[in-house]
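Remarks on the structure that follows.
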Amino acid sequence: MPNRWRIRACGRKVYSLPIMVWADDVSGNVSKQWNKHILMCMSNLAMPRQSLERESNIHFVGTSTFASPVEMMEGLVRMIEEVNQSGYEAFDAGSHAPVLFNVWLAILAGDNPLQAELCSHKGMQANKFCRRCHVGGTGAYKRTAEGYASLFELGRPRTSEETENHVRSMLEMAVRPGQQTSLAQYGSEHGIRDAIAEPVIDQLQEVTRLIRKRRSGDRAADEEMRTVAQLSLGAPFATNALFRLNNQLCVHRSTPVEALHTFLLGAWKYLWTSTMDHLEAPADAAPGRPMRPQATTPLSLLLIRLASLNETGWNLPKLNPTYIIQHRKQLIGKHFKALSQCLPFVLEDLVSPAILEAWVIAGIAMPLLWKYDILDKKVHEVRTPIDYIPLRLGSHHHNPSSLVRIQQTLIVLCLG
């Protein structure tokens, strides 16, 4: 324990509490179908799992229709800094004595686009599309054999310090004349986009254009105007507030992969769409698909076979095949969880061998990603989520080799 905490504790116990912050865009309106606003909540990861998801233990942080998640994080980071500066006193019901506690951010939860924004990353549209490492490159490089193979290798991990330095470099470039194209290339090359710095960069570029247009010829006066513009627009402080927690948080490692959109609504959904297009297309336009009489279409056979499945022993909701086929373009995660387990058996003679192999691989991957049974429920309920954090965050891209091979094979079969 640091000496400053020993002095402040004065014999009291000091607890360090890990917290998980969740943020996403939601809508709770009654009068309108959708009115986007950002909601932010917080949970104490030191609590046992049995109590963690109770409504009373999910704490509301804030909501806004105007502020972005990164802007809302500014207020949360300030509160964390204030608590950790002097410690917060509370009464411990177990020891019947006052205690001090501080907090630290362990997990930033949310969907992939929001997590990328919290990491000051461009997301999947960037050349380097991973928010955790530097895998990727230009489109031309990724189309080469070497570039394509590199997508399945571990990239150099990103760090908060490195990303912060990139953002500050972009703020410096914004006040240099003739750097507009270079600035865009720099952000694309490194996959950087900071929601706090971006409007400041745009304003600095506008100021630089006005200075060039003035053509005063006095370089010292022009440089002074750029310096004044940087200070007046707050460029030295226009960075992601999460970077101030570098001593306790790495934003790139603290955003665990969100499996729903990455797998079920990602590769699985693309595979399902490709399969439906394959079944709906005329037989002569679907290479590898077996020929069938016109009266018995592949989709009708798929519906009959799904309805005929014996679902006894399934630890899943009922399939409802009529709904699945009728609304095949609007399925959600629970449908893909069930379909990935049964489709290899009902598609055997309806699709090409490549698509059938892809569904077999998807079925093998599903139990590796989601567990449907808890072997020891008592141990599971009292265990805290913080017990799992070293596995998630301690090593970069901690994936079993089987999952890497499965991902590679799915891309080759369906998306390549």
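Following the order of the structure tokens, chains are lettered A, B, ..., residues in each are numbered from 1, and ligands are numbered from 1.
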
Just want the 7 Å neighbourhood of segment 255-258 of chain A, counted on only C-alpha atoms, with same-chain residues fewer than 6 positions away dropped. Output as a ChimeraX atom specification. /A:107-109,111-112,115,392

How would the residues just chosen look if you wrote them out with N, CA and C atoms as a PDB file, in the first residue's frame?
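Dumped to again09.pdb:
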ATOM      1  N   ILE A 107     -13.414  -3.316 -17.029  1.00  0.00           N
ATOM      2  CA  ILE A 107     -13.999  -3.689 -18.319  1.00  0.00           C
ATOM      3  C   ILE A 107     -14.842  -2.538 -18.836  1.00  0.00           C
ATOM      4  N   LEU A 108     -14.695  -2.248 -20.124  1.00  0.00           N
ATOM      5  CA  LEU A 108     -15.568  -1.310 -20.826  1.00  0.00           C
ATOM      6  C   LEU A 108     -16.445  -2.137 -21.753  1.00  0.00           C
ATOM      7  N   ALA A 109     -17.680  -2.371 -21.336  1.00  0.00           N
ATOM      8  CA  ALA A 109     -18.576  -3.260 -22.069  1.00  0.00           C
ATOM      9  C   ALA A 109     -19.409  -2.469 -23.067  1.00  0.00           C
ATOM     10  N   ASP A 111     -21.175  -2.814 -27.500  1.00  0.00           N
ATOM     11  CA  ASP A 111     -20.999  -3.478 -28.780  1.00  0.00           C
ATOM     12  C   ASP A 111     -19.713  -2.992 -29.447  1.00  0.00           C
ATOM     13  N   ASN A 112     -19.342  -3.652 -30.537  1.00  0.00           N
ATOM     14  CA  ASN A 112     -18.047  -3.384 -31.170  1.00  0.00           C
ATOM     15  C   ASN A 112     -17.862  -1.934 -31.620  1.00  0.00           C
ATOM     16  N   GLN A 115     -17.248   0.220 -28.479  1.00  0.00           N
ATOM     17  CA  GLN A 115     -15.949  -0.058 -27.878  1.00  0.00           C
ATOM     18  C   GLN A 115     -14.816   0.542 -28.714  1.00  0.00           C
ATOM     19  N   ARG A 392      -9.148 -12.992 -19.829  1.00  0.00           N
ATOM     20  CA  ARG A 392      -9.596 -12.143 -20.937  1.00  0.00           C
ATOM     21  C   ARG A 392      -8.556 -11.090 -21.311  1.00  0.00           C
TER      22      ARG A 392
END

Can I get the residues of segment 50-151 of chain A within 10 Å of segment 33-42 of chain A, each with the closest pair of atoms and their distance in Å to one decimal, using only C-alpha atoms, sorted chain first then ascending number, as a Markdown table?
| residue | atom | partner | partner_atom | distance |
| --- | --- | --- | --- | --- |
| A:Asn57 | CA | A:Met42 | CA | 8.6 |
| A:Ile58 | CA | A:Met42 | CA | 5.9 |
| A:His59 | CA | A:Met42 | CA | 5.1 |
| A:Phe60 | CA | A:Cys41 | CA | 4.6 |
| A:Val61 | CA | A:Cys41 | CA | 5.1 |
| A:Gly62 | CA | A:Met40 | CA | 5.4 |
| A:Thr63 | CA | A:Leu39 | CA | 4.4 |
| A:Ser64 | CA | A:Ile38 | CA | 5.4 |
| A:Thr65 | CA | A:His37 | CA | 4.2 |
| A:Phe66 | CA | A:His37 | CA | 7.4 |
| A:Ala67 | CA | A:Ile38 | CA | 7.6 |
| A:Ser68 | CA | A:Ile38 | CA | 7.1 |
| A:Pro69 | CA | A:Ile38 | CA | 6.8 |
| A:Met72 | CA | A:Met40 | CA | 8.2 |
| A:Met73 | CA | A:Met40 | CA | 9.0 |
| A:Leu76 | CA | A:Met40 | CA | 9.8 |
| A:Leu105 | CA | A:Met42 | CA | 9.9 |
| A:Leu108 | CA | A:Met42 | CA | 9.6 |
| A:Ala109 | CA | A:Met42 | CA | 9.7 |
| A:Gly110 | CA | A:Met40 | CA | 9.8 |

Just the selected residues (N, CA and C atoms), exported as a short mmCIF file (atom, residue, chain, number, x, y, z; two decimals), in the first residue's frame, please.
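So the final result, stored in result35.cif, reads:
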data_model
loop_
_atom_site.label_atom_id
_atom_site.label_comp_id
_atom_site.auth_asym_id
_atom_site.auth_seq_id
_atom_site.Cartn_x
_atom_site.Cartn_y
_atom_site.Cartn_z
N ASN A 57 -28.18 -3.61 -8.09
CA ASN A 57 -26.72 -3.55 -8.14
C ASN A 57 -26.20 -3.05 -9.49
N ILE A 58 -27.08 -2.63 -10.38
CA ILE A 58 -26.68 -2.00 -11.63
C ILE A 58 -26.95 -0.51 -11.49
N HIS A 59 -25.90 0.27 -11.41
CA HIS A 59 -26.01 1.68 -11.02
C HIS A 59 -26.05 2.57 -12.26
N PHE A 60 -27.00 3.46 -12.28
CA PHE A 60 -27.16 4.41 -13.39
C PHE A 60 -26.09 5.49 -13.28
N VAL A 61 -25.38 5.74 -14.37
CA VAL A 61 -24.34 6.78 -14.42
C VAL A 61 -24.86 8.03 -15.11
N GLY A 62 -25.47 7.87 -16.26
CA GLY A 62 -25.99 9.04 -16.96
C GLY A 62 -26.57 8.67 -18.30
N THR A 63 -27.30 9.61 -18.89
CA THR A 63 -27.86 9.42 -20.23
C THR A 63 -27.92 10.78 -20.92
N SER A 64 -27.82 10.76 -22.25
CA SER A 64 -27.83 12.02 -23.00
C SER A 64 -28.20 11.74 -24.44
N THR A 65 -28.95 12.69 -25.02
CA THR A 65 -29.24 12.63 -26.46
C THR A 65 -28.23 13.42 -27.27
N PHE A 66 -27.34 14.14 -26.61
CA PHE A 66 -26.39 15.00 -27.30
C PHE A 66 -24.94 14.55 -27.10
N ALA A 67 -24.56 14.20 -25.87
CA ALA A 67 -23.17 13.85 -25.58
C ALA A 67 -22.85 12.45 -26.12
N SER A 68 -21.66 12.30 -26.66
CA SER A 68 -21.19 11.00 -27.13
C SER A 68 -20.69 10.17 -25.94
N PRO A 69 -20.51 8.85 -26.11
CA PRO A 69 -19.99 8.04 -25.00
C PRO A 69 -18.64 8.53 -24.48
N MET A 72 -19.22 11.51 -22.28
CA MET A 72 -19.77 11.11 -20.98
C MET A 72 -18.71 10.47 -20.10
N MET A 73 -17.73 9.82 -20.74
CA MET A 73 -16.63 9.22 -19.98
C MET A 73 -15.80 10.27 -19.25
N LEU A 76 -17.21 10.57 -15.86
CA LEU A 76 -16.94 9.38 -15.05
C LEU A 76 -15.48 9.34 -14.62
N LEU A 105 -11.24 0.94 -13.30
CA LEU A 105 -12.00 0.42 -14.44
C LEU A 105 -11.36 -0.89 -14.91
N LEU A 108 -14.70 -2.25 -20.12
CA LEU A 108 -15.57 -1.31 -20.83
C LEU A 108 -16.44 -2.14 -21.75
N ALA A 109 -17.68 -2.37 -21.34
CA ALA A 109 -18.58 -3.26 -22.07
C ALA A 109 -19.41 -2.47 -23.07
N GLY A 110 -19.85 -3.14 -24.11
CA GLY A 110 -20.68 -2.52 -25.14
C GLY A 110 -20.54 -3.30 -26.44
#

Skipping near chain neighbours, those fewer than 6 positions away, what residues fall within 10 Å of Lys142 of chain A using only C-alpha atoms, listed as a VMD selection string? chain A and resid 127 136 148 to 151

Residues of segment 58-274 of chain A in strand (DSSP E) according to DSSP, as a list in words?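 Here is the list: Ile58, His59, Phe60, Val61, Gly62, Thr63, Ser64, Tyr88, Glu89, Ala90, Phe91, Asp92, Ala97, Pro98, Val99, Leu100, Phe101, Asn102, Val103, Trp104, Leu105, Ala106, Ile107, Leu108 and Ala109 of chain A.
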
Okay, now the selection with C-alpha atoms, as a compact mmCIF listing (two decimals), in the first residue's frame?
# COMPACT_ATOMS: atom_id res chain seq x y z
CA ILE A 58 -26.68 -2.00 -11.63
CA HIS A 59 -26.01 1.68 -11.02
CA PHE A 60 -27.16 4.41 -13.39
CA VAL A 61 -24.34 6.78 -14.42
CA GLY A 62 -25.99 9.04 -16.96
CA THR A 63 -27.86 9.42 -20.23
CA SER A 64 -27.83 12.02 -23.00
CA TYR A 88 -14.09 7.35 -0.15
CA GLU A 89 -15.28 6.37 3.30
CA ALA A 90 -18.08 3.87 3.77
CA PHE A 91 -19.45 1.69 6.55
CA ASP A 92 -18.65 -2.03 6.37
CA ALA A 97 -16.35 -0.34 11.11
CA PRO A 98 -15.66 2.43 8.60
CA VAL A 99 -13.48 1.53 5.61
CA LEU A 100 -11.91 3.37 2.69
CA PHE A 101 -12.19 2.26 -0.91
CA ASN A 102 -10.94 3.31 -4.33
CA VAL A 103 -12.14 2.14 -7.74
CA TRP A 104 -10.53 1.10 -11.00
CA LEU A 105 -12.00 0.42 -14.44
CA ALA A 106 -11.65 -3.24 -15.33
CA ILE A 107 -14.00 -3.69 -18.32
CA LEU A 108 -15.57 -1.31 -20.83
CA ALA A 109 -18.58 -3.26 -22.07

Residues at most 10 Å from Cys119 of chain A, counting only C-alpha atoms, excluding those fewer than 5 positions away in the same chain, as an MDAnalysis selection string? chainID A and resid 70 108 113:114 131:132 158:160 163:164 192:195 240 242:243 250:255

For a test of reading the model, state the distance in Å between atom CA of Glu74 of chain A and atom CA of Gln248 of chain A, rounded to one decimal.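 Rounded to one decimal, the two atoms are 16.0 Å apart.
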
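Note that atom CA of Met170 of chain A and atom CA of Ala184 of chain A are 9.2 Å apart.
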
In Å to one decimal, how far is atom CA of Gln330 of chain A from atom CA of Trp370 of chain A?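 Pair atom CA of Trp370 of chain A / atom CA of Gln330 of chain A returns 21.9 Å.
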
Pick from A:Thr144, A:Asn84, A:Thr208, A:Thr322: nearest to Leu302 of chain A, with only C-alpha atoms counted?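 For Leu302 of chain A, the nearest of the candidates is A:Thr322.
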
Closest of A:Glu81, A:Asp373, A:Glu117, A:Glu224 to Glu198 of chain A - atom-to-atom distances counting only C-alpha atoms: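 Selected residue with least distance to Glu198 of chain A: A:Glu117.
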
Please identify the helix (DSSP H, G or I) residues within segment 123-163 of chain A (assignment by DSSP from backbone atoms) and present them as JSON, numbers by chain. {"A": [139, 140, 141, 142, 145, 146, 147, 148, 149, 150, 160, 161, 162, 163]}

Residues of the last selection are to be written out with N, CA and C atoms, as a PDB file, in the first residue's frame.
ATOM      1  N   GLY A 139      -5.812  -1.711 -48.689  1.00  0.00           N
ATOM      2  CA  GLY A 139      -6.602  -2.678 -49.444  1.00  0.00           C
ATOM      3  C   GLY A 139      -5.746  -3.482 -50.413  1.00  0.00           C
ATOM      4  N   ALA A 140      -4.798  -2.816 -51.056  1.00  0.00           N
ATOM      5  CA  ALA A 140      -3.917  -3.510 -51.994  1.00  0.00           C
ATOM      6  C   ALA A 140      -3.067  -4.554 -51.281  1.00  0.00           C
ATOM      7  N   TYR A 141      -2.577  -4.220 -50.084  1.00  0.00           N
ATOM      8  CA  TYR A 141      -1.753  -5.176 -49.335  1.00  0.00           C
ATOM      9  C   TYR A 141      -2.585  -6.377 -48.879  1.00  0.00           C
ATOM     10  N   LYS A 142      -3.808  -6.135 -48.421  1.00  0.00           N
ATOM     11  CA  LYS A 142      -4.638  -7.239 -47.931  1.00  0.00           C
ATOM     12  C   LYS A 142      -5.086  -8.176 -49.051  1.00  0.00           C
ATOM     13  N   ALA A 145      -1.213 -12.314 -51.339  1.00  0.00           N
ATOM     14  CA  ALA A 145      -1.160 -13.561 -50.581  1.00  0.00           C
ATOM     15  C   ALA A 145      -0.576 -13.332 -49.191  1.00  0.00           C
ATOM     16  N   GLU A 146       0.491 -12.526 -49.135  1.00  0.00           N
ATOM     17  CA  GLU A 146       1.119 -12.236 -47.843  1.00  0.00           C
ATOM     18  C   GLU A 146       0.182 -11.446 -46.933  1.00  0.00           C
ATOM     19  N   GLY A 147      -0.482 -10.424 -47.494  1.00  0.00           N
ATOM     20  CA  GLY A 147      -1.386  -9.607 -46.696  1.00  0.00           C
ATOM     21  C   GLY A 147      -2.587 -10.389 -46.196  1.00  0.00           C
ATOM     22  N   TYR A 148      -3.151 -11.253 -47.042  1.00  0.00           N
ATOM     23  CA  TYR A 148      -4.298 -12.058 -46.620  1.00  0.00           C
ATOM     24  C   TYR A 148      -3.906 -13.025 -45.512  1.00  0.00           C
ATOM     25  N   ALA A 149      -2.707 -13.641 -45.640  1.00  0.00           N
ATOM     26  CA  ALA A 149      -2.254 -14.578 -44.605  1.00  0.00           C
ATOM     27  C   ALA A 149      -1.989 -13.854 -43.286  1.00  0.00           C
ATOM     28  N   SER A 150      -1.574 -12.571 -43.350  1.00  0.00           N
ATOM     29  CA  SER A 150      -1.266 -11.829 -42.120  1.00  0.00           C
ATOM     30  C   SER A 150      -2.517 -11.541 -41.285  1.00  0.00           C
ATOM     31  N   SER A 160      -2.525   2.296 -24.913  1.00  0.00           N
ATOM     32  CA  SER A 160      -3.159   3.597 -24.723  1.00  0.00           C
ATOM     33  C   SER A 160      -2.175   4.734 -24.976  1.00  0.00           C
ATOM     34  N   GLU A 161      -0.930   4.576 -24.511  1.00  0.00           N
ATOM     35  CA  GLU A 161       0.071   5.630 -24.699  1.00  0.00           C
ATOM     36  C   GLU A 161       0.335   5.880 -26.186  1.00  0.00           C
ATOM     37  N   GLU A 162       0.432   4.800 -26.954  1.00  0.00           N
ATOM     38  CA  GLU A 162       0.685   4.944 -28.380  1.00  0.00           C
ATOM     39  C   GLU A 162      -0.479   5.646 -29.079  1.00  0.00           C
ATOM     40  N   THR A 163      -1.706   5.257 -28.748  1.00  0.00           N
ATOM     41  CA  THR A 163      -2.877   5.876 -29.370  1.00  0.00           C
ATOM     42  C   THR A 163      -2.975   7.350 -28.991  1.00  0.00           C
TER      43      THR A 163
END

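Near Leu264 of chain A, within a cut-off of 9 Å and counting only C-alpha atoms, sit the residues Ile332, Gly333, Lys334, Phe336 and Lys337 of chain A, with same-chain residues fewer than 6 positions away left out.
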
Contacts of segment 341-349 of chain A at 6 Å (only C-alpha atoms; same-chain gap of 4+ positions) as number ranges by chain: A: 359-360, 363

Keeping C-alpha atoms for every residue in the selection just given, could you write it to a file as an mmCIF file, in the first residue's frame?
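As a result, again04.cif now contains:
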data_model
loop_
_atom_site.group_PDB
_atom_site.id
_atom_site.type_symbol
_atom_site.label_atom_id
_atom_site.label_comp_id
_atom_site.auth_asym_id
_atom_site.auth_seq_id
_atom_site.Cartn_x
_atom_site.Cartn_y
_atom_site.Cartn_z
ATOM 1 C CA TRP A 359 -22.160 -25.064 -41.411
ATOM 2 C CA VAL A 360 -20.387 -28.109 -39.961
ATOM 3 C CA GLY A 363 -21.697 -26.122 -35.432
#

Within 10 Å of Val200 of chain A, counting only C-alpha atoms, which residues show up once you throw out same-chain ones fewer than 5 positions away? Write them as a ChimeraX atom specification, please. /A:171,174,195,205-206,229-230,233-235,238-239
